[in-house]
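Trainee: One file is attached below, run13.cif, containing mmCIF, C-alpha atoms.
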data_coords
#
loop_
_atom_site.label_atom_id
_atom_site.label_comp_id
_atom_site.auth_asym_id
_atom_site.auth_seq_id
_atom_site.Cartn_x
_atom_site.Cartn_y
_atom_site.Cartn_z
CA MET A 1 -56.31 5.63 64.01
CA ASN A 2 -54.20 5.76 67.16
CA LYS A 3 -54.44 2.02 67.52
CA LEU A 4 -53.26 1.50 63.99
CA LEU A 5 -50.25 3.71 64.61
CA ASN A 6 -49.39 1.69 67.70
CA VAL A 7 -49.47 -1.50 65.68
CA VAL A 8 -47.16 0.06 63.13
CA HIS A 9 -44.73 1.04 65.86
CA ALA A 10 -44.85 -2.38 67.45
CA VAL A 11 -43.70 -4.14 64.29
CA PRO A 12 -39.93 -3.88 63.85
CA ARG A 13 -39.11 -1.55 61.00
CA GLN A 14 -38.04 -3.40 57.91
CA PHE A 15 -36.57 -0.53 55.97
CA VAL A 16 -34.22 1.77 57.77
CA ARG A 17 -33.22 4.94 56.06
CA ASP A 18 -29.48 4.67 55.90
CA TYR A 19 -28.59 7.01 53.06
CA ALA A 20 -28.66 9.98 55.39
CA PHE A 21 -27.11 8.01 58.21
CA LYS A 22 -24.83 9.99 60.43
CA SER A 23 -22.38 8.10 62.55
CA ASP A 24 -22.14 9.10 66.20
CA LEU A 25 -18.56 7.85 66.42
CA LYS A 26 -16.05 10.53 67.24
CA ILE A 27 -14.21 10.33 63.95
CA LYS A 28 -12.90 13.55 62.55
CA TRP A 29 -12.13 13.64 58.89
CA VAL A 30 -9.64 16.17 57.61
CA ARG A 31 -9.57 16.62 53.88
CA PRO A 32 -5.96 16.47 52.72
CA GLU A 33 -4.76 19.67 51.20
CA LYS A 34 -4.33 19.50 47.46
CA ILE A 35 -0.71 19.59 46.43
CA SER A 36 0.04 20.84 42.97
CA CYS A 37 1.43 18.15 40.68
CA ILE A 38 4.45 20.29 39.84
CA LYS A 39 5.62 20.54 43.44
CA PRO A 40 8.69 18.48 44.40
CA GLU A 41 6.79 16.49 47.03
CA LYS A 42 4.44 15.25 44.31
CA SER A 43 7.00 14.81 41.55
CA GLY A 44 9.29 12.82 43.84
CA ASP A 45 12.36 15.07 43.80
CA LEU A 46 14.06 14.87 47.15
CA ALA A 47 17.00 17.12 46.34
CA LYS A 48 17.25 20.55 44.82
CA LEU A 49 19.76 21.84 42.30
CA PRO A 50 22.97 23.08 43.91
CA PRO A 51 23.27 26.90 44.07
CA LEU A 52 25.05 28.42 41.11
CA ASN A 53 28.58 29.66 41.64
CA PRO A 54 28.31 33.40 40.82
CA ASN A 55 31.67 33.40 39.02
CA GLU A 56 30.87 30.37 36.85
CA ILE A 57 31.98 31.00 33.27
CA LEU A 58 30.16 29.71 30.21
CA PRO A 59 31.30 26.13 29.59
CA GLU A 60 32.47 26.89 26.04
CA TYR A 61 34.89 29.58 27.26
CA LYS A 62 36.09 27.84 30.36
CA ASP A 63 39.52 26.90 29.00
CA SER A 64 40.08 30.11 27.05
CA LYS A 65 43.47 31.68 27.82
CA GLU A 66 42.44 35.08 26.46
CA LEU A 67 39.49 35.20 28.83
CA ALA A 68 41.69 34.29 31.78
CA ASN A 69 43.87 37.31 31.00
CA ALA A 70 41.01 39.66 30.14
CA ASP A 71 39.83 42.42 32.48
CA GLU A 72 36.83 42.18 34.83
CA THR A 73 34.20 43.73 32.55
CA VAL A 74 34.96 41.29 29.74
CA LYS A 75 34.99 38.39 32.19
CA SER A 76 31.62 39.36 33.61
CA MET A 77 30.14 39.25 30.12
CA PHE A 78 31.05 35.56 29.94
CA MET A 79 29.64 34.64 33.30
CA LEU A 80 26.67 32.28 33.42
CA SER A 81 24.74 34.57 35.74
CA ASN A 82 25.03 37.45 33.26
CA ASN A 83 23.83 35.38 30.33
CA ARG A 84 20.57 33.98 29.13
CA ASN A 85 18.62 31.69 31.40
CA HIS A 86 18.55 28.63 29.21
CA LEU A 87 22.35 28.52 29.24
CA THR A 88 22.26 27.96 32.99
CA THR A 89 19.67 25.23 32.51
CA ARG A 90 21.92 23.64 29.92
CA TYR A 91 24.89 23.88 32.27
CA TYR A 92 22.97 22.12 35.05
CA ARG A 93 21.71 19.53 32.62
CA ASP A 94 25.21 18.66 31.42
CA GLN A 95 26.48 18.52 34.98
CA MET A 96 23.76 16.06 35.90
CA VAL A 97 24.22 13.89 32.83
CA LYS A 98 27.95 13.63 33.51
CA GLU A 99 27.16 12.06 36.88
CA VAL A 100 25.32 9.11 35.39
CA GLN A 101 26.34 8.70 31.74
CA ARG A 102 27.90 5.46 30.52
CA HIS A 103 30.68 7.12 28.54
CA GLU A 104 31.68 10.60 27.35
CA GLN A 105 29.38 10.62 24.32
CA ASP A 106 26.40 9.10 26.03
CA TYR A 107 23.43 11.47 26.10
CA GLY A 108 20.75 9.05 24.88
CA SER A 109 20.74 6.12 27.27
CA MET A 110 17.85 5.85 29.68
CA GLU A 111 19.82 7.07 32.67
CA ALA A 112 21.19 10.05 30.72
CA LYS A 113 17.68 10.93 29.58
CA LEU A 114 16.37 10.72 33.12
CA ALA A 115 19.21 12.91 34.37
CA LYS A 116 18.51 15.49 31.66
CA MET A 117 14.83 15.58 32.53
CA THR A 118 15.53 15.80 36.24
CA ALA A 119 17.81 18.79 35.78
CA VAL A 120 15.23 20.62 33.68
CA ILE A 121 12.40 19.70 36.06
CA ARG A 122 14.27 21.05 39.06
CA ARG A 123 15.17 24.21 37.19
CA TYR A 124 11.55 24.76 36.16
CA GLN A 125 10.34 24.06 39.67
CA SER A 126 12.51 26.81 41.08
CA HIS A 127 11.25 29.06 38.25
CA MET A 128 7.65 28.28 39.17
CA GLU A 129 8.27 29.31 42.76
CA VAL A 130 9.23 32.79 41.59
CA HIS A 131 6.70 33.00 38.74
CA PRO A 132 3.67 30.99 39.80
CA ARG A 133 1.53 32.27 36.93
CA ASP A 134 3.80 31.16 34.12
CA LYS A 135 1.41 28.75 32.42
CA MET A 136 3.70 27.75 29.55
CA ILE A 137 6.43 26.52 31.86
CA LYS A 138 3.85 24.89 34.11
CA VAL A 139 2.49 22.80 31.27
CA GLN A 140 5.95 21.83 30.07
CA LEU A 141 6.95 20.95 33.61
CA LYS A 142 3.93 18.74 34.17
CA GLU A 143 4.50 16.94 30.90
CA LEU A 144 8.16 16.39 31.73
CA ILE A 145 7.35 15.02 35.17
CA ASP A 146 4.84 12.59 33.70
CA LYS A 147 7.29 11.51 31.04
CA ARG A 148 10.02 10.92 33.59
CA LYS A 149 7.63 8.83 35.63
CA LYS A 150 6.81 6.77 32.58
CA PHE A 151 10.49 6.26 31.79
CA LEU A 152 11.16 5.20 35.36
CA LYS A 153 8.35 2.67 35.03
CA TYR A 154 9.97 1.27 31.88
CA LEU A 155 13.43 1.17 33.40
CA ARG A 156 12.12 -0.69 36.41
CA ARG A 157 10.69 -3.37 34.17
CA TRP A 158 13.79 -3.62 32.01
CA ASP A 159 16.61 -3.38 34.47
CA TYR A 160 15.91 -3.36 38.17
CA PRO A 161 19.49 -2.86 39.49
CA ARG A 162 19.93 0.17 37.25
CA PHE A 163 16.55 1.55 38.29
CA GLU A 164 17.52 1.42 41.95
CA TRP A 165 20.89 2.94 41.20
CA ILE A 166 19.38 5.86 39.29
CA LEU A 167 16.84 6.53 42.06
CA GLU A 168 19.70 6.80 44.50
CA LYS A 169 21.90 8.82 42.20
CA LEU A 170 19.26 11.40 41.22
CA ASP A 171 17.57 11.37 44.64
CA LEU A 172 14.14 10.48 43.33
CA VAL A 173 11.19 8.68 44.87
CA TYR A 174 9.19 6.27 42.77
CA LYS A 175 5.63 5.45 43.77
CA PRO A 176 3.53 3.34 41.43
CA PRO A 177 0.17 4.86 40.48
CA PRO A 178 -2.85 3.64 42.49
CA ALA A 179 -4.86 0.85 40.89
CA HIS A 180 -8.13 2.79 40.70
CA PHE A 181 -8.86 6.46 40.46
CA HIS A 182 -11.53 8.06 42.58
CA TRP A 183 -12.32 11.53 43.84
CA VAL A 184 -11.82 12.11 47.53
CA THR A 185 -15.29 12.47 49.05
CA ARG A 186 -16.44 12.97 52.59
CA LYS A 187 -18.70 9.94 52.57
CA GLU A 188 -16.19 7.46 51.22
CA SER A 189 -13.40 8.75 53.44
CA LEU A 190 -15.62 8.48 56.50
CA GLN A 191 -16.58 4.95 55.52
CA LYS A 192 -12.92 3.99 55.28
CA LEU A 193 -12.08 5.65 58.57
CA THR A 194 -15.00 3.88 60.26
CA ASP A 195 -13.78 0.56 58.90
CA ILE A 196 -10.33 1.22 60.30
CA TYR A 197 -11.85 2.22 63.63
CA CYS A 198 -13.92 -0.96 63.83
CA GLU A 199 -10.94 -3.08 62.85
CA LYS A 200 -8.93 -1.49 65.64
CA ILE A 201 -11.61 -2.14 68.23
CA LYS A 202 -11.86 -5.75 67.11
CA GLU A 203 -8.13 -6.23 67.44
CA GLU A 204 -8.02 -4.58 70.86
CA ARG A 205 -10.79 -6.77 72.20
CA LEU A 206 -9.24 -9.91 70.78
CA GLU A 207 -5.94 -8.95 72.34
CA ALA A 208 -7.60 -8.32 75.71
CA TYR A 209 -9.40 -11.66 75.56
CA HIS A 210 -6.16 -13.40 74.63
CA LYS A 211 -4.44 -11.88 77.64
CA GLU A 212 -7.31 -12.92 79.89
CA LEU A 213 -7.07 -16.51 78.69
CA GLN A 214 -3.31 -16.49 79.11
CA ALA A 215 -3.65 -15.28 82.68
CA GLN A 216 -5.89 -18.28 83.41
CA GLN A 217 -3.43 -20.82 82.02
CA ILE A 218 -1.06 -21.14 85.01
CA PRO A 219 -3.73 -21.34 87.74
CA PHE A 220 -5.61 -23.88 85.64
CA LEU A 221 -2.59 -26.14 85.26
CA GLU A 222 -1.71 -25.92 88.95
CA ASP A 223 -5.24 -26.80 89.85
CA ALA A 224 -5.29 -29.66 87.35
CA ILE A 225 -2.12 -31.19 88.79
CA LYS A 226 -3.52 -30.96 92.28
CA LYS A 227 -6.76 -32.62 91.26
CA MET A 228 -5.04 -35.34 89.28
CA LEU A 229 -2.82 -36.20 92.25
CA PHE A 230 -5.86 -36.34 94.48
CA VAL A 231 -7.85 -38.55 92.10
CA ARG A 232 -4.92 -40.91 91.62
CA LYS A 233 -4.42 -41.24 95.34
CA GLU A 234 -8.11 -41.89 95.94
CA GLN A 235 -8.26 -44.47 93.17
CA ILE A 236 -5.27 -46.36 94.62
CA ASP A 237 -6.69 -46.20 98.13
CA CYS A 238 -10.14 -47.41 97.08
CA ASP A 239 -8.78 -50.21 94.86
CA VAL A 240 -10.57 -49.08 91.72
CA PRO A 241 -8.93 -49.10 88.28
CA VAL A 242 -6.41 -46.23 88.08
CA THR A 243 -7.19 -43.88 85.19
CA VAL A 244 -4.70 -41.11 85.98
CA THR A 245 -1.16 -42.20 85.13
CA GLU A 246 2.11 -40.84 86.48
CA GLN A 247 2.97 -39.86 82.93
CA GLN A 248 -0.02 -37.54 82.63
CA ILE A 249 0.88 -35.72 85.82
CA GLU A 250 4.49 -35.43 84.78
CA ASP A 251 3.42 -33.99 81.40
CA ALA A 252 1.26 -31.40 83.07
CA ARG A 253 4.13 -30.42 85.37
CA LYS A 254 6.50 -30.08 82.46
CA GLU A 255 4.01 -27.92 80.61
CA LEU A 256 3.59 -25.70 83.65
CA ALA A 257 7.35 -25.26 84.04
CA GLU A 258 7.72 -24.34 80.37
CA LEU A 259 4.89 -21.87 80.58
CA LYS A 260 6.36 -20.20 83.66
CA GLU A 261 9.73 -19.93 81.99
CA LEU A 262 8.13 -18.32 78.94
CA ARG A 263 6.21 -15.83 81.03
CA ASP A 264 9.32 -14.89 83.02
CA ALA A 265 11.29 -14.31 79.83
CA ALA A 266 8.52 -12.12 78.38
CA ALA A 267 8.25 -10.13 81.60
CA ALA A 268 12.03 -9.60 81.68
CA ALA A 269 11.99 -8.40 78.05
CA THR A 270 9.23 -5.86 78.70
CA GLN A 271 10.99 -4.70 81.87
CA LYS A 272 14.22 -4.17 79.96
CA GLN A 273 12.40 -2.28 77.20
CA SER A 274 10.66 0.04 79.64
CA ASP A 275 13.99 0.72 81.38
CA GLU A 276 15.56 1.66 78.07
CA THR A 277 12.76 4.04 77.19
CA PHE A 278 12.95 5.57 80.66
CA HIS A 279 16.68 6.34 80.37
CA MET B 280 -8.45 -29.93 45.06
CA ALA B 281 -6.46 -32.16 47.38
CA ALA B 282 -3.97 -34.37 45.61
CA ARG B 283 -3.72 -32.59 42.30
CA GLY B 284 -0.72 -30.47 43.24
CA LEU B 285 -1.53 -28.19 40.35
CA LEU B 286 1.30 -25.97 39.13
CA LEU B 287 0.46 -22.44 38.06
CA MET B 288 2.54 -19.59 36.73
CA GLY B 289 1.69 -16.03 37.61
CA GLN B 290 2.96 -12.64 38.58
CA CYS B 291 3.62 -11.53 42.13
CA MET B 292 1.53 -8.57 43.28
CA PRO B 293 2.09 -6.26 46.24
CA CYS B 294 0.75 -7.91 49.39
CA ILE B 295 0.59 -6.84 53.02
CA LYS B 296 0.27 -10.37 54.41
CA HIS B 297 3.34 -11.73 56.18
CA ASN B 298 4.67 -15.10 55.05
CA ALA B 299 2.43 -15.08 51.98
CA SER B 300 2.57 -13.61 48.49
CA LYS B 301 -0.32 -12.61 46.32
CA ILE B 302 -0.06 -14.14 42.88
CA ARG B 303 -2.05 -13.01 39.88
CA ILE B 304 -2.89 -15.67 37.32
CA ARG B 305 -3.96 -14.06 34.08
CA ARG B 306 -6.03 -16.09 31.67
CA MET B 307 -7.77 -15.10 28.48
CA GLU B 308 -11.51 -15.64 28.45
CA LEU B 309 -13.61 -15.87 25.31
CA ASP B 310 -16.57 -13.57 25.09
CA LYS B 311 -18.92 -15.52 22.83
CA ASN B 312 -20.98 -12.47 21.96
CA LEU B 313 -18.10 -10.48 20.63
CA ASN B 314 -15.99 -13.51 19.72
CA MET B 315 -13.06 -11.85 21.41
CA TYR B 316 -10.74 -12.79 24.22
CA PHE B 317 -10.50 -10.67 27.35
CA LYS B 318 -8.10 -10.79 30.24
CA LYS B 319 -9.38 -12.48 33.35
CA ASP B 320 -7.38 -12.31 36.56
CA THR B 321 -7.58 -14.72 39.45
CA PHE B 322 -5.63 -14.10 42.62
CA TYR B 323 -4.11 -16.78 44.81
CA PHE B 324 -2.24 -16.45 48.07
CA ALA B 325 0.89 -18.57 48.18
CA HIS B 326 2.77 -19.54 51.31
CA ASP B 327 6.15 -17.84 51.18
CA PRO B 328 7.80 -17.47 54.62
CA GLN B 329 11.20 -16.39 53.26
CA LYS B 330 9.61 -13.86 50.87
CA LEU B 331 11.28 -15.43 47.85
CA CYS B 332 9.33 -13.43 45.34
CA LYS B 333 9.08 -9.68 45.10
CA THR B 334 6.49 -7.54 43.37
CA GLY B 335 6.50 -8.12 39.63
CA ASP B 336 8.38 -11.43 39.59
CA VAL B 337 6.98 -14.26 37.52
CA VAL B 338 6.72 -17.29 39.78
CA LEU B 339 5.57 -20.90 39.81
CA ILE B 340 3.14 -21.85 42.55
CA ARG B 341 1.99 -25.32 43.59
CA GLU B 342 -1.33 -26.22 45.10
CA LEU B 343 -1.05 -27.39 48.71
CA PRO B 344 -2.53 -30.79 49.65
CA GLU B 345 -4.95 -28.94 51.89
CA ARG B 346 -5.49 -25.25 52.40
CA MET B 347 -3.24 -23.80 55.06
CA THR B 348 -5.48 -20.95 56.15
CA ARG B 349 -8.67 -19.47 54.81
CA LEU B 350 -6.65 -17.59 52.20
CA ILE B 351 -3.45 -19.51 51.61
CA THR B 352 -4.01 -22.37 49.20
CA HIS B 353 -0.68 -22.55 47.34
CA SER B 354 3.04 -22.44 48.01
CA VAL B 355 5.71 -20.71 45.99
CA GLU B 356 7.70 -23.26 44.02
CA LYS B 357 10.32 -21.03 42.42
CA VAL B 358 10.91 -17.65 40.89
CA VAL B 359 11.07 -18.09 37.13
CA TYR B 360 11.73 -14.54 35.97
CA PRO B 361 12.77 -11.92 38.50
CA LEU B 362 11.51 -8.49 37.43
CA GLY B 363 14.07 -6.49 35.50
CA ASP B 364 16.77 -9.14 35.69
CA ILE B 365 16.08 -11.26 32.66
CA THR B 366 18.23 -14.15 31.47
CA ASP B 367 17.99 -15.30 27.89
CA PRO B 368 16.89 -18.98 28.13
CA ILE B 369 18.85 -20.04 25.01
CA THR B 370 22.25 -18.49 25.58
CA GLY B 371 21.96 -18.02 29.34
CA LYS B 372 23.16 -14.44 29.13
CA LYS B 373 21.59 -11.48 30.87
CA VAL B 374 19.42 -9.28 28.68
CA VAL B 375 18.28 -5.67 28.81
CA VAL B 376 15.40 -4.96 26.41
CA GLY B 377 16.86 -6.06 23.03
CA LYS B 378 20.55 -6.31 23.87
CA TYR B 379 22.82 -8.50 25.90
CA ARG B 380 24.40 -6.84 28.90
CA GLU B 381 27.78 -7.97 27.58
CA ASP B 382 27.26 -6.10 24.31
CA ILE B 383 26.28 -2.92 26.13
CA GLU B 384 29.33 -3.29 28.34
CA MET B 385 31.56 -3.83 25.32
CA ALA B 386 30.25 -0.68 23.64
CA ASN B 387 30.89 1.27 26.83
CA GLN B 388 34.46 -0.01 26.97
CA LEU B 389 35.01 1.00 23.34
CA PHE B 390 33.80 4.53 23.97
CA GLY B 391 35.76 4.73 27.20
CA LYS B 392 33.62 3.80 30.16
CA SER B 393 33.02 6.52 32.73
CA ASP B 394 34.09 5.86 36.34
CA LYS B 395 30.76 7.04 37.68
CA ALA B 396 28.76 4.79 35.36
CA PHE B 397 26.62 1.98 36.68
CA ASP B 398 28.30 -1.37 37.24
CA TYR B 399 26.35 -4.60 37.57
CA GLU B 400 29.05 -6.24 39.69
CA LYS B 401 28.78 -3.57 42.38
CA ALA B 402 24.98 -3.56 42.38
CA PRO B 403 23.50 -5.02 45.60
CA PRO B 404 20.48 -7.32 45.38
CA ARG B 405 17.05 -5.81 44.90
CA GLY B 406 15.17 -4.36 47.83
CA ARG B 407 17.56 -1.99 49.59
CA LEU B 408 15.48 1.12 48.75
CA GLU B 409 12.17 -0.36 49.86
CA GLY B 410 10.34 2.15 51.97
CA THR B 411 12.76 4.99 51.33
CA LYS B 412 12.78 5.65 47.60
CA ASP B 413 11.14 2.66 45.99
CA PHE B 414 7.54 2.10 47.06
CA THR B 415 6.61 -0.69 44.67
CA HIS B 416 6.49 -3.37 47.37
CA GLY B 417 3.13 -2.13 48.59
CA GLU B 418 -0.09 -0.82 47.16
CA THR B 419 -0.43 2.92 46.87
CA TYR B 420 -3.68 4.73 47.40
CA ILE B 421 -5.08 8.19 46.91
CA LYS B 422 -4.66 10.15 50.11
CA TYR B 423 -8.08 10.66 51.64
CA HIS B 424 -7.34 11.70 55.21
CA GLU B 425 -4.87 13.96 56.95
CA ASP B 426 -4.05 12.60 60.38
CA GLY B 427 -0.65 14.14 60.97
CA THR B 428 1.21 10.86 60.63
CA GLU B 429 3.46 9.86 57.78
CA GLN B 430 1.60 8.02 55.03
CA PRO B 431 4.30 6.64 52.76
CA PHE B 432 1.92 4.87 50.37
CA ALA B 433 -0.41 7.81 49.91
CA VAL B 434 -0.21 9.46 46.52
#
What's the structure tokens form of this structure?

Mentor:
Amino acid sequence: MNKLLNVVHAVPRQFVRDYAFKSDLKIKWVRPEKISCIKPEKSGDLAKLPPLNPNEILPEYKDSKELANADETVKSMFMLSNNRNHLTTRYYRDQMVKEVQRHEQDYGSMEAKLAKMTAVIRRYQSHMEVHPRDKMIKVQLKELIDKRKKFLKYLRRWDYPRFEWILEKLDLVYKPPPAHFHWVTRKESLQKLTDIYCEKIKEERLEAYHKELQAQQIPFLEDAIKKMLFVRKEQIDCDVPVTVTEQQIEDARKELAELKELRDAAAAATQKQSDETFH
Amino acid sequence: MAARGLLLMGQCMPCIKHNASKIRIRRMELDKNLNMYFKKDTFYFAHDPQKLCKTGDVVLIRELPERMTRLITHSVEKVVYPLGDITDPITGKKVVVGKYREDIEMANQLFGKSDKAFDYEKAPPRGRLEGTKDFTHGETYIKYHEDGTEQPFAV
């Protein structure tokens, strides 16, 4: 029985269990924290809504002469901050649309629509910060964000200059969706990280080998010139056919000079760079 | 492959290779069982040192006499349709969806164009927001690792 076992051990194993394989590389995987889809960093909003002026009057009564002459209590009743919430949202929305609209009556063009949505999204986002359990607003907000993303996708396809302009104007970030969906798992992430690690090692070693070869270039050429000169001289002295021409030696010398020049320039550049970083 | 110099038309895809663009050629393939056509994509890498084509452009590529590298087999001939900057081939006017840009402009003038509105003349060429606000020039991926560095293409 013992003999049999020895034979089994002597034969190289054909099937290696790899499904429970644990890498001994020092790779630490940190699962990225889940960011809610309604958060500005996910929705792509870089800016927030400007703070509301506490004395802002309802837009409909802004030019009213009677209100301008009325006393403080009446005035306060017509302030945005003392009125219903959706009026403030509407005020922000109109402000934002006015920044991008084509003409006074334009509320339906793509850029106006995007501005409207952006204003509402930012308003809802600030609402969600204060009331994180408001599910109705959360759903509406998510749907709006998705819709805005879809509209941005369309606008990009239709009219690229306008798309870029609106991104800048509304301070948005557009990232196309990834090609394939997958859940983030430990195994797959570790596989990817290992691949990156291996790739890095490969590149480092190639770079090191490249440097090593480069370092050999100048001594090799110097040696070659010396040997060629010697061989030529010997051939002439011994009256045998000359195989090494003047041209060949001259070429080698030229190559050496060029190489030295290149190396000096590279060294000077690195020196300059290191000086700059030092200062 | 050598002397054919085959011309192909395809769409430019995001590509991380320098001096090359990844072109998607989309053909329809007949499934004989279902008697239906299905999309079939083939990808070619085209030599493009000046980066003529950007993601989404429809371009013409020509087969090289011999492959340049292991991947690069074609070269970009010309950009036929830049993405989102379409010219009507019959009239030669610029088009947005179903309207000419001129007509849109005329309507804006009639209604009294706003000063803040977008103007095509002032618009710089595409690509100034790459890497800051517009991330369509590269492939995005689902973020799988937190390493403390900035990952602009992670979603």

Trainee: Would you mind listing what lies within 10 Å of segment 332-349 of chain B as an MDAnalysis selection string, with all atoms listed in the file counted and same-chain residues fewer than 3 positions away left out?

Mentor: (chainID A and resid 156:157) or (chainID B and resid 280:294 299:304 323:327 329 352:364 405:406 415:417)

Trainee: I would like the residues chosen by the PyMOL selection byres ((chain B) within 7 of (chain A)) on the shown file; could you give them as a list in words?

Mentor: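 Listing what the PyMOL selection byres ((chain B) within 7 of (chain A)) selects in the shown file: Leu362, Gly363, Asp364, Val375, Val376, Asn387, Phe390, Gly391, Lys392, Ser393, Lys395, Ala396, Phe397, Ala402, Arg405, Lys412, Asp413, Phe414, Thr415, Thr419, Tyr420, Ile421, Lys422, Tyr423, His424 and Glu425 of chain B.
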
Trainee: Got time to write the residues from that selection, C-alpha atoms, as a short mmCIF file (atom, residue, chain, number, x, y, z; two decimals), in the coordinates of the input?

Mentor:
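File produced: part.cif:
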data_model
loop_
_atom_site.label_atom_id
_atom_site.label_comp_id
_atom_site.auth_asym_id
_atom_site.auth_seq_id
_atom_site.Cartn_x
_atom_site.Cartn_y
_atom_site.Cartn_z
CA LEU B 362 11.51 -8.49 37.43
CA GLY B 363 14.07 -6.49 35.50
CA ASP B 364 16.77 -9.14 35.69
CA VAL B 375 18.28 -5.67 28.81
CA VAL B 376 15.40 -4.96 26.41
CA ASN B 387 30.89 1.27 26.83
CA PHE B 390 33.80 4.53 23.97
CA GLY B 391 35.76 4.73 27.20
CA LYS B 392 33.62 3.80 30.16
CA SER B 393 33.02 6.52 32.73
CA LYS B 395 30.76 7.04 37.68
CA ALA B 396 28.76 4.79 35.36
CA PHE B 397 26.62 1.98 36.68
CA ALA B 402 24.98 -3.56 42.38
CA ARG B 405 17.05 -5.81 44.90
CA LYS B 412 12.78 5.65 47.60
CA ASP B 413 11.14 2.66 45.99
CA PHE B 414 7.54 2.10 47.06
CA THR B 415 6.61 -0.69 44.67
CA THR B 419 -0.43 2.92 46.87
CA TYR B 420 -3.68 4.73 47.40
CA ILE B 421 -5.08 8.19 46.91
CA LYS B 422 -4.66 10.15 50.11
CA TYR B 423 -8.08 10.66 51.64
CA HIS B 424 -7.34 11.70 55.21
CA GLU B 425 -4.87 13.96 56.95
#

Trainee: What's the separation between atom CA of Thr89 of chain A and atom CA of Ile35 of chain A, in Å to one decimal place?

Mentor: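 For atom CA of Thr89 of chain A relative to atom CA of Ile35 of chain A, the distance reads 25.3 Å.
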
Trainee: Using the chain letters and numbering of this document, enumerate as a PyMOL selection string the residues selected by the PyMOL selection byres ((chain A and resi 131-145) around 12).

Mentor: chain A and resi 36-45+113-130+146-152+172+174

Trainee: Run the PyMOL selection byres ((chain A and resi 208-218) around 10) mentally over the shown coordinates, then write out the matched residues as JSON, numbers by chain, using the chain letters and numbers from the document.

Mentor: {"A": [202, 203, 204, 205, 206, 207, 219, 220, 221, 222, 223, 224, 255, 256, 257, 259, 260, 263]}

Trainee: Mind checking which residues fall within 12 Å of Tyr91 of chain A, counting all atoms listed in the file, ignoring those fewer than 2 positions away in the same chain, and posting them as an MDAnalysis selection string?

Mentor: chainID A and resid 49:50 52:53 56:60 79:81 83:89 93:98 116 119:120 123

Trainee: So the first atom is atom CA of Arg253 of chain A and the second is atom CA of Asp239 of chain A; what is the distance between them in Å, to one decimal place?

Mentor: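 These two atoms are separated by 25.5 Å.
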
Trainee: Between atom CA of Glu66 of chain A and atom CA of Asn82 of chain A, measure the distance and give it in Å to one decimal.

Mentor: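 Atom CA of Glu66 of chain A sits 18.8 Å away from atom CA of Asn82 of chain A.
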